$ cat start03.cif   # mmCIF, C-alpha atoms and all ligand atoms
data_work
#
loop_
_atom_site.label_atom_id
_atom_site.label_comp_id
_atom_site.auth_asym_id
_atom_site.auth_seq_id
_atom_site.Cartn_x
_atom_site.Cartn_y
_atom_site.Cartn_z
CA MET A 24 -57.98 10.08 64.04
CA GLY A 25 -58.38 8.99 67.66
CA LYS A 26 -59.78 5.77 68.99
CA ARG A 27 -63.54 5.68 68.41
CA ILE A 28 -65.73 4.15 71.11
CA VAL A 29 -69.46 3.68 71.39
CA VAL A 30 -70.73 3.79 74.97
CA ALA A 31 -74.17 2.40 75.86
CA LEU A 32 -75.60 3.69 79.14
CA GLY A 33 -77.88 1.54 81.28
CA GLY A 34 -80.87 2.60 83.34
CA ASN A 35 -78.85 3.52 86.44
CA ALA A 36 -77.08 6.26 84.44
CA ILE A 37 -80.29 8.28 84.23
CA LEU A 38 -82.89 7.13 86.70
CA THR A 39 -82.50 6.89 90.45
CA ASP A 40 -85.52 6.46 92.73
CA ASP A 41 -86.86 9.90 91.70
CA PRO A 42 -88.29 10.13 88.15
CA SER A 43 -88.58 13.96 88.17
CA ALA A 44 -86.82 15.89 85.41
CA SER A 45 -84.45 17.54 87.88
CA ALA A 46 -83.43 14.23 89.49
CA GLN A 47 -82.79 12.55 86.14
CA ALA A 48 -80.82 15.53 84.87
CA LYS A 49 -78.80 15.43 88.10
CA ALA A 50 -78.12 11.69 87.78
CA LEU A 51 -76.83 12.35 84.27
CA GLN A 52 -74.49 15.04 85.61
CA GLN A 53 -72.80 12.41 87.73
CA THR A 54 -72.82 10.00 84.77
CA ALA A 55 -71.13 12.58 82.53
CA GLU A 56 -68.42 13.11 85.17
CA GLN A 57 -67.93 9.34 85.41
CA LEU A 58 -67.44 9.14 81.64
CA MET A 59 -64.74 11.82 81.56
CA PRO A 60 -61.81 9.41 82.24
CA LEU A 61 -62.66 7.72 78.94
CA ILE A 62 -61.85 10.86 76.95
CA LYS A 63 -59.66 12.97 79.22
CA ASP A 64 -55.99 12.66 78.28
CA ASN A 65 -56.89 9.99 75.71
CA ASP A 66 -57.29 10.58 72.01
CA VAL A 67 -60.84 9.23 71.99
CA GLU A 68 -63.94 10.03 69.95
CA MET A 69 -66.92 9.07 72.09
CA VAL A 70 -70.41 8.28 70.86
CA VAL A 71 -72.94 7.83 73.65
CA THR A 72 -76.24 6.03 73.50
CA HIS A 73 -78.76 5.36 76.25
CA GLY A 74 -81.95 3.53 77.18
CA ASN A 75 -85.41 5.04 77.62
CA GLY A 76 -87.53 2.20 79.02
CA PRO A 77 -88.68 3.93 82.21
CA GLN A 78 -89.08 7.32 80.53
CA VAL A 79 -91.07 6.17 77.49
CA GLY A 80 -93.37 4.07 79.68
CA ASN A 81 -94.01 7.05 81.95
CA LEU A 82 -94.66 9.26 78.93
CA LEU A 83 -97.24 6.78 77.58
CA LEU A 84 -99.00 6.89 80.95
CA GLN A 85 -99.15 10.68 80.63
CA GLN A 86 -100.66 10.22 77.13
CA LEU A 87 -103.59 8.38 78.73
CA GLU A 88 -104.68 11.75 80.15
CA SER A 89 -104.63 13.32 76.67
CA ASP A 90 -107.56 11.74 74.91
CA SER A 91 -109.29 14.72 73.30
CA ASP A 92 -109.03 15.85 69.69
CA LYS A 93 -107.53 19.11 70.87
CA ASN A 94 -104.81 17.36 72.82
CA PRO A 95 -104.41 13.88 71.35
CA ALA A 96 -102.24 11.14 72.76
CA MET A 97 -98.97 10.60 70.88
CA PRO A 98 -98.19 7.17 69.42
CA LEU A 99 -95.23 5.10 70.63
CA ASP A 100 -92.79 6.01 67.83
CA THR A 101 -93.37 9.69 68.57
CA ALA A 102 -93.06 9.02 72.31
CA VAL A 103 -89.65 7.41 71.67
CA ALA A 104 -88.67 10.55 69.73
CA MET A 105 -89.87 12.68 72.65
CA THR A 106 -87.70 10.74 75.10
CA GLN A 107 -84.71 11.08 72.77
CA GLY A 108 -85.31 14.81 72.94
CA GLU A 109 -85.66 15.00 76.70
CA ILE A 110 -82.74 12.72 77.54
CA GLY A 111 -80.65 14.22 74.74
CA TYR A 112 -81.24 17.64 76.28
CA TRP A 113 -80.24 16.45 79.77
CA MET A 114 -77.14 14.85 78.19
CA LEU A 115 -76.13 18.15 76.58
CA GLN A 116 -76.53 19.94 79.89
CA ALA A 117 -74.61 17.27 81.79
CA PHE A 118 -71.76 17.01 79.28
CA THR A 119 -71.43 20.79 79.08
CA ALA A 120 -70.87 20.92 82.85
CA ALA A 121 -68.53 17.91 82.92
CA LEU A 122 -66.44 19.09 79.97
CA ASN A 123 -66.14 22.57 81.49
CA HIS A 124 -65.14 21.07 84.80
CA ASN A 125 -62.47 18.93 83.10
CA ASP A 126 -60.99 21.74 80.96
CA MET A 127 -62.44 20.32 77.76
CA SER A 128 -64.97 23.05 76.99
CA ASP A 129 -63.82 23.14 73.35
CA VAL A 130 -65.29 19.68 72.62
CA PRO A 131 -68.36 20.20 70.37
CA LEU A 132 -71.53 18.59 71.72
CA VAL A 133 -74.54 17.34 69.86
CA SER A 134 -77.58 15.11 70.43
CA VAL A 135 -78.99 13.58 67.26
CA ILE A 136 -82.59 12.53 66.72
CA THR A 137 -82.06 9.07 65.28
CA ARG A 138 -84.21 6.54 63.42
CA THR A 139 -83.57 2.82 63.48
CA VAL A 140 -84.91 0.59 60.72
CA VAL A 141 -86.64 -2.63 61.72
CA ASP A 142 -88.27 -5.45 59.77
CA PRO A 143 -92.09 -5.17 59.67
CA ALA A 144 -92.17 -8.98 59.66
CA ASP A 145 -90.03 -9.21 62.84
CA GLU A 146 -91.77 -11.75 65.06
CA ALA A 147 -91.23 -9.39 68.02
CA PHE A 148 -94.33 -7.49 66.85
CA ASP A 149 -96.42 -10.54 67.82
CA ASN A 150 -94.50 -11.20 71.02
CA PRO A 151 -93.89 -8.08 73.15
CA THR A 152 -90.89 -8.49 75.50
CA LYS A 153 -89.51 -5.01 76.25
CA PRO A 154 -90.41 -3.75 79.75
CA ILE A 155 -91.22 -0.04 79.94
CA GLY A 156 -92.43 2.39 82.58
CA PRO A 157 -92.81 1.83 86.31
CA PHE A 158 -92.88 -1.39 88.29
CA TYR A 159 -96.20 -2.55 89.75
CA THR A 160 -97.15 -4.94 92.51
CA GLU A 161 -99.10 -8.04 91.52
CA SER A 162 -102.42 -6.53 92.68
CA GLU A 163 -101.73 -3.25 90.82
CA ALA A 164 -100.89 -5.27 87.70
CA THR A 165 -104.20 -7.14 87.96
CA LEU A 166 -106.13 -3.85 88.14
CA ILE A 167 -104.20 -2.44 85.17
CA LYS A 168 -104.85 -5.54 83.11
CA ALA A 169 -108.58 -5.13 83.77
CA GLN A 170 -108.44 -1.44 82.77
CA TYR A 171 -106.22 -1.93 79.67
CA PRO A 172 -106.84 -5.50 78.46
CA GLU A 173 -104.70 -4.86 75.35
CA TRP A 174 -101.57 -4.30 77.49
CA LYS A 175 -99.23 -7.22 78.08
CA MET A 176 -97.63 -7.28 81.53
CA ILE A 177 -94.76 -9.47 82.73
CA GLU A 178 -92.89 -10.07 85.96
CA ASP A 179 -89.50 -8.35 85.44
CA SER A 180 -86.58 -10.27 86.99
CA GLY A 181 -88.05 -10.43 90.50
CA ARG A 182 -88.42 -6.62 90.64
CA GLY A 183 -92.19 -6.37 90.05
CA TYR A 184 -94.62 -6.25 87.12
CA ARG A 185 -94.17 -4.04 84.06
CA ARG A 186 -95.89 -3.38 80.78
CA VAL A 187 -94.06 -4.87 77.80
CA VAL A 188 -94.06 -3.70 74.18
CA ALA A 189 -92.65 -5.06 70.93
CA SER A 190 -88.88 -4.85 70.59
CA PRO A 191 -87.77 -5.73 67.05
CA LEU A 192 -84.10 -6.08 66.15
CA PRO A 193 -82.34 -3.03 64.68
CA LEU A 194 -81.31 -3.55 61.06
CA LYS A 195 -79.95 -0.13 60.11
CA ILE A 196 -79.36 3.24 61.79
CA VAL A 197 -80.64 5.83 59.32
CA GLU A 198 -78.49 8.68 60.66
CA ALA A 199 -75.23 6.67 60.90
CA LYS A 200 -73.77 8.35 57.81
CA ALA A 201 -74.57 11.80 59.16
CA ILE A 202 -72.93 11.02 62.49
CA LYS A 203 -69.54 10.09 61.04
CA PRO A 204 -68.52 13.65 60.04
CA LEU A 205 -69.49 14.82 63.54
CA LEU A 206 -67.11 12.25 64.99
CA ASP A 207 -64.42 13.22 62.51
CA ALA A 208 -64.84 16.76 63.90
CA SER A 209 -64.19 15.30 67.39
CA ALA A 210 -67.73 16.05 68.59
CA LEU A 211 -69.12 14.19 71.58
CA VAL A 212 -72.32 12.78 70.11
CA THR A 213 -75.40 11.38 71.83
CA VAL A 214 -77.23 9.25 69.34
CA CYS A 215 -79.76 6.45 68.94
CA GLY A 216 -81.40 7.18 72.30
CA GLY A 217 -83.84 4.51 73.44
CA GLY A 218 -82.50 2.26 70.69
CA GLY A 219 -83.61 4.77 68.04
CA ILE A 220 -87.06 5.69 66.78
CA PRO A 221 -88.42 2.47 65.23
CA VAL A 222 -89.21 2.89 61.54
CA ILE A 223 -89.82 0.61 58.59
CA GLU A 224 -88.87 1.35 55.01
CA SER A 225 -91.74 2.77 52.94
CA ASP A 226 -92.35 4.09 49.40
CA THR A 227 -91.63 7.63 50.53
CA GLY A 228 -88.75 6.83 52.90
CA TYR A 229 -89.63 5.62 56.36
CA GLU A 230 -92.74 5.12 58.45
CA GLY A 231 -92.80 5.03 62.26
CA VAL A 232 -93.93 1.84 64.00
CA GLU A 233 -95.02 1.11 67.56
CA ALA A 234 -92.06 -0.49 69.34
CA VAL A 235 -89.12 0.17 71.65
CA ILE A 236 -85.80 -1.14 70.38
CA ASP A 237 -83.24 -2.59 72.79
CA LYS A 238 -80.51 0.02 73.17
CA ASP A 239 -77.73 -2.56 73.58
CA PHE A 240 -78.56 -4.11 70.19
CA SER A 241 -78.75 -0.65 68.60
CA ALA A 242 -75.43 0.30 70.21
CA SER A 243 -73.84 -2.79 68.68
CA LYS A 244 -75.24 -1.99 65.23
CA LEU A 245 -74.25 1.67 65.60
CA ALA A 246 -70.72 0.71 66.65
CA GLU A 247 -70.40 -1.37 63.48
CA LEU A 248 -71.76 1.38 61.25
CA VAL A 249 -69.51 4.15 62.61
CA GLU A 250 -66.56 1.74 62.52
CA ALA A 251 -65.92 2.01 66.24
CA ASP A 252 -62.75 0.50 67.69
CA GLU A 253 -64.59 -0.60 70.82
CA LEU A 254 -68.08 -1.02 72.21
CA VAL A 255 -68.46 -0.27 75.93
CA ILE A 256 -71.72 -1.30 77.60
CA LEU A 257 -72.10 0.34 81.01
CA THR A 258 -74.61 -1.04 83.48
CA SER A 259 -74.92 -1.46 87.25
CA VAL A 260 -72.51 -4.40 87.66
CA GLY A 261 -68.74 -4.27 87.17
CA ASP A 262 -68.55 -7.71 85.56
CA VAL A 263 -70.64 -10.31 83.82
CA PHE A 264 -70.94 -13.38 86.02
CA LEU A 265 -71.42 -17.05 85.37
CA ASN A 266 -73.92 -18.52 87.87
CA PHE A 267 -74.98 -14.97 88.74
CA GLY A 268 -76.48 -14.62 92.22
CA LYS A 269 -75.51 -18.16 93.25
CA PRO A 270 -72.88 -19.05 95.86
CA ASN A 271 -70.56 -20.23 93.06
CA GLN A 272 -70.92 -17.10 90.91
CA GLN A 273 -67.79 -16.29 88.94
CA ALA A 274 -66.85 -12.93 87.44
CA LEU A 275 -65.70 -13.07 83.84
CA GLY A 276 -62.60 -10.99 83.03
CA THR A 277 -61.16 -11.21 79.54
CA VAL A 278 -63.05 -13.82 77.50
CA SER A 279 -62.64 -14.91 73.89
CA VAL A 280 -65.65 -14.28 71.70
CA SER A 281 -66.09 -17.97 70.93
CA ASP A 282 -66.20 -18.82 74.66
CA MET A 283 -68.74 -16.04 75.27
CA ARG A 284 -70.82 -17.19 72.28
CA SER A 285 -70.81 -20.68 73.77
CA TYR A 286 -71.96 -19.39 77.23
CA LEU A 287 -74.68 -17.39 75.47
CA ASN A 288 -75.88 -20.36 73.44
CA GLN A 289 -75.98 -22.50 76.58
CA GLY A 290 -78.51 -19.99 78.02
CA LEU A 291 -76.27 -18.96 80.93
CA PHE A 292 -77.42 -15.30 80.98
CA ALA A 293 -80.77 -13.89 82.12
CA ALA A 294 -83.19 -12.80 79.37
CA GLY A 295 -84.19 -9.15 79.63
CA SER A 296 -81.08 -8.09 81.57
CA MET A 297 -77.61 -9.59 80.91
CA LYS A 298 -78.45 -11.75 77.89
CA PRO A 299 -79.09 -8.86 75.43
CA LYS A 300 -75.90 -7.10 76.58
CA VAL A 301 -73.77 -10.19 76.03
CA ALA A 302 -75.52 -10.91 72.71
CA ALA A 303 -74.93 -7.32 71.53
CA ALA A 304 -71.27 -7.37 72.60
CA VAL A 305 -70.62 -10.79 71.03
CA SER A 306 -72.26 -9.73 67.77
CA PHE A 307 -70.05 -6.60 67.58
CA VAL A 308 -66.86 -8.61 68.17
CA GLU A 309 -67.85 -11.36 65.72
CA ASN A 310 -68.78 -8.87 62.99
CA THR A 311 -65.83 -6.49 63.37
CA GLY A 312 -62.93 -8.31 65.01
CA LYS A 313 -62.79 -5.45 67.55
CA LYS A 314 -63.33 -5.78 71.30
CA ALA A 315 -66.33 -5.07 73.52
CA THR A 316 -66.48 -4.45 77.25
CA ILE A 317 -69.32 -4.80 79.74
CA THR A 318 -68.76 -3.07 83.05
CA SER A 319 -70.31 -0.51 85.40
CA LEU A 320 -70.32 3.26 85.31
CA ASP A 321 -68.70 3.17 88.75
CA ASN A 322 -65.84 1.12 87.29
CA VAL A 323 -65.05 3.39 84.32
CA GLU A 324 -61.93 4.87 85.91
CA ASN A 325 -60.60 1.41 86.85
CA PHE A 326 -61.45 0.16 83.39
CA VAL A 327 -59.49 3.01 81.79
CA LYS A 328 -56.51 2.59 84.15
CA HIS A 329 -56.40 -1.20 84.59
CA GLY A 330 -58.74 -2.67 81.96
CA SER A 331 -61.00 -4.19 84.63
CA GLY A 332 -64.50 -5.38 83.67
CA THR A 333 -65.64 -8.12 81.31
CA CYS A 334 -63.80 -7.74 78.05
CA ILE A 335 -64.78 -9.84 75.02
CA ILE A 336 -61.93 -10.17 72.57
CA PRO A 337 -61.62 -11.72 69.10
CA ASP A 338 -60.33 -15.31 68.99
N1 LIG A 401 -74.95 -13.08 84.56
C1 LIG A 401 -75.08 -11.87 85.07
N2 LIG A 401 -73.98 -11.15 85.41
C2 LIG A 401 -74.13 -9.91 85.92
N3 LIG A 401 -75.32 -9.29 86.12
C3 LIG A 401 -76.44 -9.97 85.80
C4 LIG A 401 -76.37 -11.28 85.27
N4 LIG A 401 -77.63 -11.70 85.05
C5 LIG A 401 -78.46 -10.71 85.41
N5 LIG A 401 -77.76 -9.66 85.87
C6 LIG A 401 -78.40 -8.41 86.29
O1 LIG A 401 -78.49 -7.60 85.13
C7 LIG A 401 -78.51 -6.23 85.55
C8 LIG A 401 -78.23 -5.35 84.35
O2 LIG A 401 -79.36 -5.40 83.49
P1 LIG A 401 -80.38 -4.18 83.38
O3 LIG A 401 -80.65 -3.61 84.72
O4 LIG A 401 -81.53 -4.67 82.57
O5 LIG A 401 -79.51 -3.23 82.48
P2 LIG A 401 -79.40 -1.68 82.17
O6 LIG A 401 -78.14 -1.24 82.85
O7 LIG A 401 -79.28 -1.61 80.68
O8 LIG A 401 -80.63 -0.97 82.68
C9 LIG A 401 -77.48 -6.21 86.64
O9 LIG A 401 -77.70 -5.16 87.53
C10 LIG A 401 -77.68 -7.57 87.32
O10 LIG A 401 -78.52 -7.46 88.43
N1 LIG A 402 -84.63 1.19 74.82
C1 LIG A 402 -84.03 0.54 75.85
O1 LIG A 402 -83.34 -0.47 75.69
O2 LIG A 402 -84.27 1.10 77.11
P1 LIG A 402 -83.79 0.55 78.53
O3 LIG A 402 -82.33 0.24 78.41
O4 LIG A 402 -84.06 1.70 79.48
O5 LIG A 402 -84.62 -0.65 78.84
#
$ encode --input "start03.cif" --output "structure tokens" --more "lines below"
Ligand SMILES: Nc1ncnc2c1ncn2[C@@H]1O[C@H](COP(=O)(O)OP(=O)(O)O)[C@@H](O)[C@H]1O
Ligand SMILES: NC(=O)OP(=O)(O)O
Amino acid sequence: MGKRIVVALGGNAILTDDPSASAQAKALQQTAEQLMPLIKDNDVEMVVTHGNGPQVGNLLLQQLESDSDKNPAMPLDTAVAMTQGEIGYWMLQAFTAALNHNDMSDVPLVSVITRTVVDPADEAFDNPTKPIGPFYTESEATLIKAQYPEWKMIEDSGRGYRRVVASPLPLKIVEAKAIKPLLDASALVTVCGGGGIPVIESDTGYEGVEAVIDKDFSASKLAELVEADELVILTSVGDVFLNFGKPNQQALGTVSVSDMRSYLNQGLFAAGSMKPKVAAAVSFVENTGKKATITSLDNVENFVKHGSGTCIIPD
């Protein structure tokens, strides 16, 4: 068995400044090429997961047009499933091209519709924090609030206003067991897209709930469940920084998990962006004794060759 890694892809892997299907599929083609050094010439089983915040928010906006009985709007759990389907499809297309291009056309490919179990009593249901869909100016946000008073909007890290929805913590990935044999067969698997379709346990099995789960937390849980050797969180920055954006900012290279836990507990990372990534990575290392890396897609080749990026290791 090769080394098993779970890779979580950030927003920049899919969405550029053009949200059309063709532009997102094209962005993923480049992403797939950038991931190839992770598996090419290495005995690696790769599981890929991805976000869906912009896509699911846009899809909900499209649902607002569909208010008749003949063409009803879809609820949020179904919208998450729809984005898993669309992005999973683009992933298959992108990986097919990249594997062909890198003489690895024999690698089996699959995208798995995945459910993630959450706690119905999770306090996140009363406190929406997950930004989805497009960014709005302050005046646009005011108009939207008047039109949809039930929506909660927040200012998202100085980038504009966005709608937020509940984002409960993932407890269990329902399909984790089914994914393992695919990995054993050396398939390249896309799984748990958008954090997974949020479900709660019910008398008959599972019931969908309205939420969007953070994909970094799901990736961490998934990595534990498939017994991954490493969790790799890819975003738009090559390193995690202390004092990010300040003149004295300092890139973190290899850091022990207890040091990173201490930085996290001191509140040194921004909520809604770097904090969940660090929390997810620290949780994986604490729970498994394996390592986790946070770096950028652009740095994958350097990471493979020289180990650059922020690497959290067991004590
Ligand atoms: N301490 C930090 N170190 C590095 N980047 C940070 C830090 N705090 C905030 N950031 C910001 O977090 C961003 C990554 O978060 P985000 O865009 O939400 O992730 P995703 O890649 O999952 O879409 C980086 O592009 C950077 O601007
Ligand atoms: N579900 C999720 O975490 O999506 P983003 O990474 O796109 O916000």
$ residues_around --input "start03.cif" --residues "segment 25-40 of chain A" --least-positions-apart "2" --cutoff "6 Å" --atoms "all atoms listed in the file" --output "PyMOL selection string"
chain A and resi 47+50-51+54+66-73+246+251-258
$ residues_near_ligand --input "start03.cif" --ligand "ligand LIG 402 (chain A)" --cutoff "10 Å" --atoms "all atoms listed in the file" --output "ChimeraX atom specification"
/A:31-38,72-80,103,153-156,190,215-220,234-242,258,295-296,299-300
$ residues_around --input "start03.cif" --residues "Glu247 of chain A" --least-positions-apart "5" --cutoff "8 Å" --atoms "all atoms listed in the file" --output "tab-separated table (two decimals) with C-alpha atoms, in the frame of the given file"
chain	number	residue	atom	x	y	z
A	307	PHE	CA	-70.05	-6.60	67.58
A	310	ASN	CA	-68.78	-8.87	62.99
A	311	THR	CA	-65.83	-6.49	63.37
$ atom_distance --input "start03.cif" --atom1 "atom CA of Ala46 of chain A" --atom2 "atom CA of Gly332 of chain A"
27.9 Å
$ atom_distance --input "start03.cif" --atom1 "atom CA of Thr213 of chain A" --atom2 "atom CA of Ile317 of chain A"
19.0 Å
$ atom_distance --input "start03.cif" --atom1 "atom CA of Tyr159 of chain A" --atom2 "atom CA of Arg182 of chain A"
8.8 Å
$ residues_around --input "start03.cif" --residues "Met283 of chain A" --least-positions-apart "3" --cutoff "12 Å" --atoms "all atoms listed in the file" --output "PyMOL selection string"
chain A and resi 263-265+275-280+286-292+298+300-306+308-309+315-316+333-338
$ residues_around --input "start03.cif" --residues "Pro131 of chain A" --least-positions-apart "5" --cutoff "10 Å" --atoms "only C-alpha atoms" --output "ChimeraX atom specification"
/A:119,122,205-206,208-212
$ residues_around --input "start03.cif" --residues "Leu87 of chain A" --least-positions-apart "4" --cutoff "9 Å" --atoms "all atoms listed in the file" --output "list in words"
Leu82, Leu83 and Ala96 of chain A
$ closest_residue --input "start03.cif" --among "A:Thr160, A:Ser243, A:Ser134, A:Gln170" --to "Pro193 of chain A" --atoms "all atoms listed in the file"
A:Ser243
$ closest_residue --input "start03.cif" --among "A:Lys269, A:Lys244, A:His124, A:Lys203" --to "ligand LIG 401 (chain A)" --atoms "all atoms listed in the file"
A:Lys269
$ residues_near_point --input "start03.cif" --point "(-90.9, -6.1, 81.1)" --cutoff "6 Å" --atoms "only C-alpha atoms" --output "ChimeraX atom specification"
/A:153-154,177,179,185-187
$ closest_residue --input "start03.cif" --among "A:Pro191, A:Gly181, A:Pro98, A:Gly111" --to "Ala147 of chain A" --atoms "all atoms listed in the file"
A:Pro191
$ closest_residue --input "start03.cif" --among "A:Gly228, A:Gly261, A:Pro172, A:Gly330" --to "ligand LIG 401 (chain A)" --atoms "only C-alpha atoms and all ligand atoms"
A:Gly261
$ decode --input "start03.cif" --residues "segment 259-274 of chain A" --atoms "N, CA and C atoms" --output "PDB file, in the first residue's frame"
ATOM      1  N   SER A 259      -4.526  29.699  -0.825  1.00  0.00           N
ATOM      2  CA  SER A 259      -3.879  30.664  -1.719  1.00  0.00           C
ATOM      3  C   SER A 259      -2.573  31.215  -1.152  1.00  0.00           C
ATOM      4  N   VAL A 260      -2.183  30.811   0.041  1.00  0.00           N
ATOM      5  CA  VAL A 260      -0.896  31.258   0.604  1.00  0.00           C
ATOM      6  C   VAL A 260       0.018  30.050   0.844  1.00  0.00           C
ATOM      7  N   GLY A 261       1.316  30.261   0.603  1.00  0.00           N
ATOM      8  CA  GLY A 261       2.281  29.164   0.722  1.00  0.00           C
ATOM      9  C   GLY A 261       2.533  28.734   2.156  1.00  0.00           C
ATOM     10  N   ASP A 262       2.340  29.677   3.095  1.00  0.00           N
ATOM     11  CA  ASP A 262       2.625  29.391   4.500  1.00  0.00           C
ATOM     12  C   ASP A 262       1.553  30.011   5.385  1.00  0.00           C
ATOM     13  N   VAL A 263       1.448  29.476   6.581  1.00  0.00           N
ATOM     14  CA  VAL A 263       0.670  30.132   7.631  1.00  0.00           C
ATOM     15  C   VAL A 263       1.616  31.145   8.282  1.00  0.00           C
ATOM     16  N   PHE A 264       1.091  32.323   8.556  1.00  0.00           N
ATOM     17  CA  PHE A 264       1.921  33.370   9.169  1.00  0.00           C
ATOM     18  C   PHE A 264       1.449  33.683  10.584  1.00  0.00           C
ATOM     19  N   LEU A 265       2.409  34.037  11.432  1.00  0.00           N
ATOM     20  CA  LEU A 265       2.073  34.732  12.666  1.00  0.00           C
ATOM     21  C   LEU A 265       2.061  36.217  12.323  1.00  0.00           C
ATOM     22  N   ASN A 266       1.227  36.992  12.956  1.00  0.00           N
ATOM     23  CA  ASN A 266       1.104  38.440  12.678  1.00  0.00           C
ATOM     24  C   ASN A 266       0.833  38.702  11.195  1.00  0.00           C
ATOM     25  N   PHE A 267      -0.043  37.888  10.624  1.00  0.00           N
ATOM     26  CA  PHE A 267      -0.321  37.971   9.185  1.00  0.00           C
ATOM     27  C   PHE A 267      -0.724  39.385   8.767  1.00  0.00           C
ATOM     28  N   GLY A 268      -0.089  39.862   7.676  1.00  0.00           N
ATOM     29  CA  GLY A 268      -0.441  41.172   7.123  1.00  0.00           C
ATOM     30  C   GLY A 268       0.189  42.335   7.844  1.00  0.00           C
ATOM     31  N   LYS A 269       0.958  42.062   8.916  1.00  0.00           N
ATOM     32  CA  LYS A 269       1.619  43.148   9.652  1.00  0.00           C
ATOM     33  C   LYS A 269       3.084  43.190   9.234  1.00  0.00           C
ATOM     34  N   PRO A 270       3.756  44.316   9.510  1.00  0.00           N
ATOM     35  CA  PRO A 270       5.170  44.421   9.087  1.00  0.00           C
ATOM     36  C   PRO A 270       6.037  43.308   9.684  1.00  0.00           C
ATOM     37  N   ASN A 271       5.653  42.809  10.849  1.00  0.00           N
ATOM     38  CA  ASN A 271       6.465  41.764  11.514  1.00  0.00           C
ATOM     39  C   ASN A 271       5.923  40.353  11.266  1.00  0.00           C
ATOM     40  N   GLN A 272       5.175  40.176  10.144  1.00  0.00           N
ATOM     41  CA  GLN A 272       4.624  38.836   9.902  1.00  0.00           C
ATOM     42  C   GLN A 272       5.751  37.816   9.723  1.00  0.00           C
ATOM     43  N   GLN A 273       5.464  36.597  10.174  1.00  0.00           N
ATOM     44  CA  GLN A 273       6.512  35.569  10.191  1.00  0.00           C
ATOM     45  C   GLN A 273       5.924  34.255   9.698  1.00  0.00           C
ATOM     46  N   ALA A 274       6.515  33.739   8.609  1.00  0.00           N
ATOM     47  CA  ALA A 274       6.029  32.468   8.050  1.00  0.00           C
ATOM     48  C   ALA A 274       6.416  31.323   8.971  1.00  0.00           C
TER      49      ALA A 274
END
